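**Q** Before I ask anything, let me first share the structure, which is written out below as structure tokens.
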Amino acid sequence: MYCMIETAFDNIDEAKQVVSKLLDKKLVASCQVIESNSKWNWKFKLEESKEFLVLMKTKKSLQEKIYNVIKEIHSYDCFEFAVFDLTSCNKEYLNWIEEETNE
């Protein structure tokens with residue numbers, strides 16, 4: 001029912017724009033932006049850069065809407081959109097996500 005979505009940006013302004021839009025539309029309950037030194041393979045070449053990971057807490061049912069907001073802003077040709085099931089014995093935490101997001 002709940003999930004955490006992870007994506008990464010090389011541009012902090014893009015990350016902030018996405019976070020603001022998602023929170024304003026109540027598609028996510030919260031976002032964390034974490035600076036990262038990243039390495040990855042892209043088109044058979046090793047890449048390395050500072051990136052900004054964005055971790056979003058939300059409902060699984062909102063994934064597609066969130067993806068569309070990110071796609072509209074993101075400058076990467078192929079951006080990360082990893083979805084992890086979010087479970088917790090803390091019912092208040094899950095209720096908070098429920099209450100802070102729209103359907």
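By order of appearance in the structure tokens: chains A, B, ..., then residues from 1 within every chain, and ligands from 1 in the order shown.
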Please run DSSP on the backbone and report, as a ChimeraX atom specification, all residues within range 20-100 of chain A that come out as helix (DSSP H, G or I).
**A** /A:20-24,60-73,91-100
**Q** Quick one: residues within 10 Å of range 2-13 of chain A, only C-alpha atoms, excluding same-chain residues fewer than 4 positions away - as number ranges by chain?
**A** A: 17-19, 28, 30-36, 38, 49-63, 66-67, 70, 74-76, 79-88, 94, 97-98
**Q** Measuring atom to atom with only C-alpha atoms, identify which of A:Ala15, A:Ile73, A:Leu46, A:Ala29 is nearest to Glu99 in chain A.
**A** A:Ala29
**Q** As a PyMOL selection string, please: every residue in chain A that a backbone DSSP assignment puts in strand (DSSP E or B).
**A** chain A and resi 2-9+30-42+45-59+82-85
**Q** Using only C-alpha atoms, can you tell me which of A:Lys45, A:Cys89, A:Lys39, A:Leu27 comes closest to Glu103 in chain A?
**A** A:Leu27
**Q** In Å to one decimal, how far is CA of Leu22 in chain A from CA of Trp42 in chain A?
**A**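 Taking CA of Trp42 in chain A and CA of Leu22 in chain A, their separation equals 27.9 Å.
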**Q** For CA of Glu64 in chain A and CA of Asn37 in chain A, determine how far apart the two atoms are, in Å to one decimal place.
**A** 27.9 Å
